[in-house]
Amino acid sequence: MMKSLRFIVPLGLFAVLVFFLWRGLGLAPHELPSPLIGKPAPGFALARLDDANQTIRRDDMLGRVWMLNVWASWCVACREEHPTLMAFSQARLVPVIGLNYKDTRPAGLDWLGRFGNPYEASAFDAEGRVGIDFGVYGVPETFVIDKQGLVRLKHIGPLTPEVIQTRIQPLLKELNG
């Protein structure tokens with residue numbers, strides 16, 4: 001009896017480990033839950049990227065559904081998502097506000113000048129403090145915020161036409177409906 005337990009217990013533990021690994025591989029990393037969903041977006045007041053004398057505040061957006069896109073000139077994936085973001089902003093479904101994260105003002109302005117500016121405005125978060133408040137751990141990340149200022153969606157990674165069509169547009173229709 002003891003000899004068989006020496007083989008059954010490790011085999012059982014191995015089976016449990018394989019199950020959790022299999023289950024984990026089935027999760028989509030872009031759909032990690034955020035503790036902010038359904039809660040007020042963190043308050044902020046930052047200088048605009050294009051004009052340090054003007055401020056962008058979260059409270060300026062209350063009463064409107066809007067999208068916050070966290071980006072940086074040094075971010076390779078941001079360049080990948082940029083054509084999708086440009087097309088989305090041209091549809092003018094909601095205001096798109098940029099959060100230029102841990103960047104320099106000249107680099108961010110140069111990047112927008114080269115690739116196009118999809119943002120109604122872009123806030124300059126040189127130290128990354130507002131990004132930290134939003135729980136950003138990599139760029140790009142995108143948030144949809146409702147009229148009451150509640151975070152309704154967090155997307156990690158580059159936006160794609162599929163994400164816009166299947167997740168963001170239906171949510172915007174619901175929120176603006």
# chains A, B, ... in the order shown; residues from 1 in each chain; ligands from 1

call {"tool": "residues_around", "arguments": {"residues": "A:Ile145", "least_positions_apart": "2", "cutoff": "7 Å", "atoms": "only C-alpha atoms", "output": "ChimeraX atom specification"}}
result
/A:65-67,143,147,149-152

call {"tool": "atom_distance", "arguments": {"atom1": "atom CA of A:Ala107", "atom2": "atom CA of A:Gly43"}}
result
25.5 Å

call {"tool": "closest_residue", "arguments": {"among": "A:Glu80, A:Leu159, A:Asp110, A:Arg58", "to": "A:Val130", "atoms": "only C-alpha atoms"}}
result
A:Arg58

call {"tool": "closest_residue", "arguments": {"among": "A:Val144, A:Leu49, A:Gly135, A:Arg167", "to": "A:Trp111", "atoms": "only C-alpha atoms"}}
result
A:Leu49

call {"tool": "atom_distance", "arguments": {"atom1": "atom CA of A:Arg48", "atom2": "atom CA of A:Leu172"}}
result
25.3 Å

call {"tool": "closest_residue", "arguments": {"among": "A:Pro140, A:Val163, A:Pro170, A:Asn176", "to": "A:Ala77", "atoms": "only C-alpha atoms"}}
result
A:Pro140

call {"tool": "closest_residue", "arguments": {"among": "A:Arg105, A:Arg79, A:Arg64, A:Arg6", "to": "A:Ala52", "atoms": "only C-alpha atoms"}}
result
A:Arg105

call {"tool": "residues_around", "arguments": {"residues": "stretch 153-155 of chain A", "least_positions_apart": "5", "cutoff": "12 Å", "atoms": "only C-alpha atoms", "output": "PyMOL selection string"}}
result
chain A and resi 28-41+65-70+134-146+160+163-164+167-172+175

call {"tool": "closest_residue", "arguments": {"among": "A:Leu85, A:Leu112, A:Ala45, A:Cys78", "to": "A:Gly157", "atoms": "only C-alpha atoms"}}
result
A:Cys78

call {"tool": "closest_residue", "arguments": {"among": "A:Ile156, A:Ala91, A:Ala126, A:Ile97", "to": "A:Met61", "atoms": "only C-alpha atoms"}}
result
A:Ile97

call {"tool": "atom_distance", "arguments": {"atom1": "atom CA of A:Pro95", "atom2": "atom CA of A:Asp133"}}
result
20.9 Å

call {"tool": "select_by_dssp", "arguments": {"residues": "stretch 22-158 of chain A", "states": "alpha helix (DSSP H)", "output": "PyMOL selection string"}}
result
chain A and resi 22-25+76-90+105-115+129-133
